[in-house]
>>> print(open('my_file-v6.pdb').read())   # PDB, C-alpha atoms
MODEL        1
ATOM      1  CA  MET A  91     108.793  64.147 119.966  1.00  0.00           C
ATOM      2  CA  THR A  92     106.210  65.176 122.514  1.00  0.00           C
ATOM      3  CA  ALA A  93     103.271  62.954 123.383  1.00  0.00           C
ATOM      4  CA  THR A  94     100.167  63.484 125.467  1.00  0.00           C
ATOM      5  CA  ALA A  95      98.896  61.390 128.358  1.00  0.00           C
ATOM      6  CA  ALA A  96      95.827  61.164 130.536  1.00  0.00           C
ATOM      7  CA  THR A  97      94.959  59.058 133.553  1.00  0.00           C
ATOM      8  CA  GLN A  98      91.412  58.063 134.383  1.00  0.00           C
ATOM      9  CA  ASP A  99      89.754  56.064 137.113  1.00  0.00           C
ATOM     10  CA  THR A 100      88.493  52.563 136.313  1.00  0.00           C
ATOM     11  CA  PRO A 101      86.940  49.825 138.453  1.00  0.00           C
ATOM     12  CA  ILE A 102      90.376  48.186 138.710  1.00  0.00           C
ATOM     13  CA  GLY A 103      92.423  51.276 139.380  1.00  0.00           C
ATOM     14  CA  PRO A 104      93.909  54.200 137.489  1.00  0.00           C
ATOM     15  CA  PHE A 105      94.399  53.669 133.758  1.00  0.00           C
ATOM     16  CA  SER A 106      96.852  55.843 131.822  1.00  0.00           C
ATOM     17  CA  THR A 107      97.230  56.238 128.087  1.00  0.00           C
ATOM     18  CA  ILE A 108      99.998  57.925 126.109  1.00  0.00           C
ATOM     19  CA  VAL A 109      99.127  59.038 122.568  1.00  0.00           C
ATOM     20  CA  ASP A 110     101.105  60.611 119.754  1.00  0.00           C
ATOM     21  CA  ALA A 111     100.093  63.720 117.802  1.00  0.00           C
ATOM     22  CA  ASP A 112      97.750  61.593 115.654  1.00  0.00           C
ATOM     23  CA  GLN A 113      95.935  60.223 118.740  1.00  0.00           C
ATOM     24  CA  ARG A 114      97.469  56.767 118.213  1.00  0.00           C
ATOM     25  CA  VAL A 115      98.048  54.872 121.454  1.00  0.00           C
ATOM     26  CA  LEU A 116     101.766  54.421 122.135  1.00  0.00           C
ATOM     27  CA  ALA A 117     101.354  52.845 125.576  1.00  0.00           C
ATOM     28  CA  SER A 118      98.615  52.211 128.104  1.00  0.00           C
ATOM     29  CA  GLY A 119      97.951  50.317 131.287  1.00  0.00           C
ATOM     30  CA  TRP A 120      96.512  50.250 134.786  1.00  0.00           C
ATOM     31  CA  THR A 121      98.909  52.682 136.428  1.00  0.00           C
ATOM     32  CA  ALA A 122      98.991  56.363 137.293  1.00  0.00           C
ATOM     33  CA  ASP A 123     102.747  56.430 136.567  1.00  0.00           C
ATOM     34  CA  VAL A 124     103.088  57.737 133.009  1.00  0.00           C
ATOM     35  CA  GLU A 125     106.865  57.234 133.093  1.00  0.00           C
ATOM     36  CA  GLU A 126     106.267  53.519 133.729  1.00  0.00           C
ATOM     37  CA  LEU A 127     104.433  53.501 130.384  1.00  0.00           C
ATOM     38  CA  ARG A 128     106.794  55.816 128.497  1.00  0.00           C
ATOM     39  CA  VAL A 129     109.738  53.442 128.923  1.00  0.00           C
ATOM     40  CA  LEU A 130     107.688  50.614 127.351  1.00  0.00           C
ATOM     41  CA  ILE A 131     107.519  52.467 124.041  1.00  0.00           C
ATOM     42  CA  HIS A 132     110.006  51.290 121.402  1.00  0.00           C
ATOM     43  CA  SER A 133     113.102  53.481 121.491  1.00  0.00           C
ATOM     44  CA  THR A 134     112.515  54.772 117.937  1.00  0.00           C
ATOM     45  CA  MET A 135     109.046  56.036 118.919  1.00  0.00           C
ATOM     46  CA  ARG A 136     109.593  56.959 122.567  1.00  0.00           C
ATOM     47  CA  PRO A 137     108.685  60.586 123.254  1.00  0.00           C
ATOM     48  CA  GLU A 138     111.182  62.707 125.128  1.00  0.00           C
ATOM     49  CA  THR A 139     108.385  64.648 126.741  1.00  0.00           C
ATOM     50  CA  VAL A 140     104.894  63.590 127.781  1.00  0.00           C
ATOM     51  CA  ARG A 141     102.409  66.376 128.441  1.00  0.00           C
ATOM     52  CA  ALA A 142      99.680  65.525 130.940  1.00  0.00           C
ATOM     53  CA  VAL A 143      96.079  66.430 130.139  1.00  0.00           C
ATOM     54  CA  SER A 144      92.826  65.503 131.839  1.00  0.00           C
ATOM     55  CA  ASP A 145      91.145  64.044 128.754  1.00  0.00           C
ATOM     56  CA  LEU A 146      92.241  62.511 125.435  1.00  0.00           C
ATOM     57  CA  GLY A 147      88.841  62.861 123.778  1.00  0.00           C
ATOM     58  CA  ASP A 148      87.834  59.732 121.851  1.00  0.00           C
ATOM     59  CA  VAL A 149      90.540  57.635 123.528  1.00  0.00           C
ATOM     60  CA  THR A 150      89.389  58.562 127.042  1.00  0.00           C
ATOM     61  CA  ARG A 151      85.752  57.943 126.059  1.00  0.00           C
ATOM     62  CA  ALA A 152      86.650  54.522 124.611  1.00  0.00           C
ATOM     63  CA  VAL A 153      88.405  53.447 127.826  1.00  0.00           C
ATOM     64  CA  ASP A 154      85.483  54.637 129.934  1.00  0.00           C
ATOM     65  CA  SER A 155      82.948  52.932 127.653  1.00  0.00           C
ATOM     66  CA  TYR A 156      84.873  49.655 127.734  1.00  0.00           C
ATOM     67  CA  HIS A 157      84.928  49.618 131.531  1.00  0.00           C
ATOM     68  CA  ARG A 158      81.184  50.377 131.583  1.00  0.00           C
ATOM     69  CA  GLY A 159      80.480  47.307 129.430  1.00  0.00           C
ATOM     70  CA  GLU A 160      80.845  48.437 125.805  1.00  0.00           C
ATOM     71  CA  LEU A 161      83.575  45.887 125.135  1.00  0.00           C
ATOM     72  CA  ARG A 162      84.151  46.903 121.515  1.00  0.00           C
ATOM     73  CA  ALA A 163      84.632  50.588 122.327  1.00  0.00           C
ATOM     74  CA  VAL A 164      88.441  50.273 122.172  1.00  0.00           C
ATOM     75  CA  ASP A 165      88.506  48.326 118.882  1.00  0.00           C
ATOM     76  CA  SER A 166      88.611  51.364 116.598  1.00  0.00           C
ATOM     77  CA  VAL A 167      91.274  53.264 118.552  1.00  0.00           C
ATOM     78  CA  ALA A 168      94.500  53.418 116.535  1.00  0.00           C
ATOM     79  CA  VAL A 169      97.648  51.944 118.074  1.00  0.00           C
ATOM     80  CA  ALA A 170     101.291  52.529 117.109  1.00  0.00           C
ATOM     81  CA  GLN A 171     103.879  49.996 118.251  1.00  0.00           C
ATOM     82  CA  ARG A 172     107.139  48.924 116.672  1.00  0.00           C
ATOM     83  CA  SER A 173     109.197  45.747 116.868  1.00  0.00           C
ATOM     84  CA  GLY A 174     110.171  42.832 114.675  1.00  0.00           C
ATOM     85  CA  GLU A 175     107.930  41.375 111.995  1.00  0.00           C
ATOM     86  CA  PHE A 176     106.453  38.568 114.114  1.00  0.00           C
ATOM     87  CA  LEU A 177     105.592  40.773 117.105  1.00  0.00           C
ATOM     88  CA  MET A 178     104.022  43.435 114.897  1.00  0.00           C
ATOM     89  CA  HIS A 179     101.905  40.765 113.201  1.00  0.00           C
ATOM     90  CA  ALA A 180     101.024  39.089 116.519  1.00  0.00           C
ATOM     91  CA  TRP A 181      99.845  42.393 118.012  1.00  0.00           C
ATOM     92  CA  GLY A 182      97.527  42.817 115.037  1.00  0.00           C
ATOM     93  CA  VAL A 183      96.218  39.294 115.566  1.00  0.00           C
ATOM     94  CA  LEU A 184      95.573  40.035 119.249  1.00  0.00           C
ATOM     95  CA  ARG A 185      93.205  42.806 118.188  1.00  0.00           C
ATOM     96  CA  THR A 186      91.044  40.164 116.474  1.00  0.00           C
ATOM     97  CA  VAL A 187      90.582  37.974 119.571  1.00  0.00           C
ATOM     98  CA  GLU A 188      86.951  38.386 120.580  1.00  0.00           C
ATOM     99  CA  PRO A 189      85.976  39.688 124.021  1.00  0.00           C
ATOM    100  CA  GLY A 190      84.706  36.807 126.131  1.00  0.00           C
ATOM    101  CA  ALA A 191      86.524  34.236 123.997  1.00  0.00           C
ATOM    102  CA  PRO A 192      90.086  34.013 125.355  1.00  0.00           C
ATOM    103  CA  VAL A 193      92.626  31.856 123.532  1.00  0.00           C
ATOM    104  CA  THR A 194      95.557  29.846 124.837  1.00  0.00           C
ATOM    105  CA  TYR A 195      99.145  30.781 124.065  1.00  0.00           C
ATOM    106  CA  SER A 196      99.224  27.764 121.708  1.00  0.00           C
ATOM    107  CA  GLU A 197      96.088  28.946 119.914  1.00  0.00           C
ATOM    108  CA  PHE A 198      97.474  32.474 119.724  1.00  0.00           C
ATOM    109  CA  ALA A 199     100.687  31.147 118.149  1.00  0.00           C
ATOM    110  CA  GLU A 200      98.597  29.248 115.608  1.00  0.00           C
ATOM    111  CA  LEU A 201      96.417  32.279 114.858  1.00  0.00           C
ATOM    112  CA  SER A 202      99.624  34.254 114.334  1.00  0.00           C
ATOM    113  CA  GLY A 203     100.723  31.799 111.645  1.00  0.00           C
ATOM    114  CA  ARG A 204     103.482  30.109 113.639  1.00  0.00           C
ATOM    115  CA  PRO A 205     101.993  27.192 115.601  1.00  0.00           C
ATOM    116  CA  ALA A 206     105.372  26.214 117.053  1.00  0.00           C
ATOM    117  CA  ALA A 207     106.147  29.756 118.239  1.00  0.00           C
ATOM    118  CA  ILE A 208     104.426  29.500 121.616  1.00  0.00           C
ATOM    119  CA  ARG A 209     107.252  31.389 123.332  1.00  0.00           C
ATOM    120  CA  GLY A 210     107.052  34.028 120.600  1.00  0.00           C
ATOM    121  CA  ALA A 211     103.331  34.379 121.270  1.00  0.00           C
ATOM    122  CA  ALA A 212     104.018  34.761 124.980  1.00  0.00           C
ATOM    123  CA  SER A 213     106.692  37.345 124.166  1.00  0.00           C
ATOM    124  CA  ALA A 214     104.190  39.320 122.085  1.00  0.00           C
ATOM    125  CA  CYS A 215     101.942  39.511 125.140  1.00  0.00           C
ATOM    126  CA  ALA A 216     104.777  40.405 127.487  1.00  0.00           C
ATOM    127  CA  ARG A 217     106.147  43.130 125.196  1.00  0.00           C
ATOM    128  CA  ASN A 218     102.783  44.677 124.354  1.00  0.00           C
ATOM    129  CA  ALA A 219     102.880  48.316 125.466  1.00  0.00           C
ATOM    130  CA  ALA A 220      99.247  49.087 124.556  1.00  0.00           C
ATOM    131  CA  ALA A 221      97.269  47.043 127.093  1.00  0.00           C
ATOM    132  CA  LEU A 222      93.502  46.960 126.584  1.00  0.00           C
ATOM    133  CA  PHE A 223      93.766  48.322 123.026  1.00  0.00           C
ATOM    134  CA  VAL A 224      95.889  45.286 122.118  1.00  0.00           C
ATOM    135  CA  PRO A 225      94.110  42.827 124.415  1.00  0.00           C
ATOM    136  CA  CYS A 226      96.887  40.557 125.611  1.00  0.00           C
ATOM    137  CA  HIS A 227      94.743  39.807 128.663  1.00  0.00           C
ATOM    138  CA  ARG A 228      92.688  37.527 126.372  1.00  0.00           C
ATOM    139  CA  VAL A 229      95.524  34.977 126.191  1.00  0.00           C
ATOM    140  CA  VAL A 230      95.603  32.286 128.879  1.00  0.00           C
ATOM    141  CA  ARG A 231      97.432  29.047 129.575  1.00  0.00           C
ATOM    142  CA  ILE A 232      96.127  25.654 128.522  1.00  0.00           C
ATOM    143  CA  GLY A 233      93.523  24.610 131.064  1.00  0.00           C
ATOM    144  CA  GLY A 234      92.477  28.205 131.695  1.00  0.00           C
ATOM    145  CA  ALA A 235      95.224  29.287 134.123  1.00  0.00           C
ATOM    146  CA  LEU A 236      95.753  33.020 133.762  1.00  0.00           C
ATOM    147  CA  GLY A 237      99.461  33.068 132.951  1.00  0.00           C
ATOM    148  CA  GLY A 238     101.137  36.430 133.402  1.00  0.00           C
ATOM    149  CA  PHE A 239      99.977  40.019 133.018  1.00  0.00           C
ATOM    150  CA  ARG A 240     102.084  43.159 133.429  1.00  0.00           C
ATOM    151  CA  TRP A 241      99.279  44.875 135.345  1.00  0.00           C
ATOM    152  CA  GLY A 242      98.720  42.006 137.784  1.00  0.00           C
ATOM    153  CA  LEU A 243      96.662  38.848 137.808  1.00  0.00           C
ATOM    154  CA  PRO A 244      93.760  40.449 139.733  1.00  0.00           C
ATOM    155  CA  ALA A 245      93.377  42.951 136.861  1.00  0.00           C
ATOM    156  CA  LYS A 246      93.528  40.174 134.245  1.00  0.00           C
ATOM    157  CA  LYS A 247      90.964  38.142 136.174  1.00  0.00           C
ATOM    158  CA  TRP A 248      88.644  41.175 136.386  1.00  0.00           C
ATOM    159  CA  LEU A 249      89.000  41.896 132.644  1.00  0.00           C
ATOM    160  CA  LEU A 250      88.222  38.305 131.657  1.00  0.00           C
ATOM    161  CA  ALA A 251      85.209  38.182 133.990  1.00  0.00           C
ATOM    162  CA  HIS A 252      84.019  41.592 132.706  1.00  0.00           C
ATOM    163  CA  GLU A 253      84.185  40.337 129.124  1.00  0.00           C
ATOM    164  CA  ALA A 254      82.543  37.000 129.946  1.00  0.00           C
ATOM    165  CA  ALA A 255      79.517  38.676 131.568  1.00  0.00           C
TER     166      ALA A 255
ENDMDL
END
>>> encode(input="my_file-v6.pdb", output="structure tokens")
Amino acid sequence: MTATAATQDTPIGPFSTIVDADQRVLASGWTADVEELRVLIHSTMRPETVRAVSDLGDVTRAVDSYHRGELRAVDSVAVAQRSGEFLMHAWGVLRTVEPGAPVTYSEFAELSGRPAAIRGAASACARNAAALFVPCHRVVRIGGALGGFRWGLPAKKWLLAHEAA
């Protein structure tokens, strides 16, 4: 399978997105290194080749609009990820967490239907390949500490502040 990728500038650095032939996001994040994203894609969906383009149309516009303040611009962009049943469900739940209303890992576990699965909720965030489109940055520790973020805590802090404004 061949996929397509584009990198665009954002206020917090380069943001790259890999999409499949149906324009579904396979992986995304604040990096210019497309290979760093490609290896995050589940092995059964991972493209052998990623063709670089300058623009992904609606996907590129959604990322730009989000960073300019239209926080819901990424909501309608299709995402394709694969894993076990709980992670797939949890990623869907993450897409329902409102901008500006972060939840704790405990709350995320509860929203995902498994209140005791706090580590599972954290794993869903850590294994999410489609950052921004599946907003794992909206999950924080009890007391408001940021927790982890693949793209760095300064990026997570910026995203949360951007959405709170």
>>> resolve_selection(input="my_file-v6.pdb", expression="the PyMOL selection byres ((chain A and resi 249) around 12)", output="ChimeraX atom specification")
/A:100-102,120,156-159,161,189-192,221-222,225-229,236,239,241-248,250-255
>>> atom_distance(input="my_file-v6.pdb", atom1="CA of Arg128 (chain A)", atom2="CA of Thr194 (chain A)")
28.5 Å
>>> atom_distance(input="my_file-v6.pdb", atom1="CA of Asp165 (chain A)", atom2="CA of Thr107 (chain A)")
14.9 Å
>>> atom_distance(input="my_file-v6.pdb", atom1="CA of Ser173 (chain A)", atom2="CA of Ala111 (chain A)")
20.2 Å
>>> closest_residue(input="my_file-v6.pdb", among="A:Val164, A:Ala180, A:Val230, A:Leu127", to="Ala93 (chain A)", atoms="all atoms listed in the file")
A:Leu127
>>> closest_residue(input="my_file-v6.pdb", among="A:Ala96, A:Phe176, A:Ser106, A:Glu125", to="Ala220 (chain A)", atoms="only C-alpha atoms")
A:Ser106
>>> residues_around(input="my_file-v6.pdb", residues="region 130-137 of chain A", least_positions_apart="3", cutoff="8 Å", atoms="all atoms listed in the file", output="ChimeraX atom specification")
/A:91-93,116-117,126-127,140,171-173,217,219
>>> write_last_selection(input="my_file-v6.pdb", atoms="C-alpha atoms", output="mmCIF file, in the coordinates of the input")
data_model
loop_
_atom_site.group_PDB
_atom_site.id
_atom_site.type_symbol
_atom_site.label_atom_id
_atom_site.label_comp_id
_atom_site.auth_asym_id
_atom_site.auth_seq_id
_atom_site.Cartn_x
_atom_site.Cartn_y
_atom_site.Cartn_z
ATOM 1 C CA MET A 91 108.793 64.147 119.966
ATOM 2 C CA THR A 92 106.210 65.176 122.514
ATOM 3 C CA ALA A 93 103.271 62.954 123.383
ATOM 4 C CA LEU A 116 101.766 54.421 122.135
ATOM 5 C CA ALA A 117 101.354 52.845 125.576
ATOM 6 C CA GLU A 126 106.267 53.519 133.729
ATOM 7 C CA LEU A 127 104.433 53.501 130.384
ATOM 8 C CA VAL A 140 104.894 63.590 127.781
ATOM 9 C CA GLN A 171 103.879 49.996 118.251
ATOM 10 C CA ARG A 172 107.139 48.924 116.672
ATOM 11 C CA SER A 173 109.197 45.747 116.868
ATOM 12 C CA ARG A 217 106.147 43.130 125.196
ATOM 13 C CA ALA A 219 102.880 48.316 125.466
#
>>> axis_aligned_box(input="my_file-v6.pdb", around="region 125-131 of chain A", padding_each_side="4 Å", output="AutoDock Vina command-line options")
--center_x 107.1 --center_y 53.9 --center_z 128.9 --size_x 13.3 --size_y 14.6 --size_z 17.7
>>> resolve_selection(input="my_file-v6.pdb", expression="the PyMOL selection byres ((chain A and resi 105) around 6)", output="PyMOL selection string")
chain A and resi 97-98+104+106+119-121
>>> closest_residue(input="my_file-v6.pdb", among="A:Arg209, A:Ser118, A:Leu184, A:Val124", to="Thr150 (chain A)", atoms="only C-alpha atoms")
A:Ser118
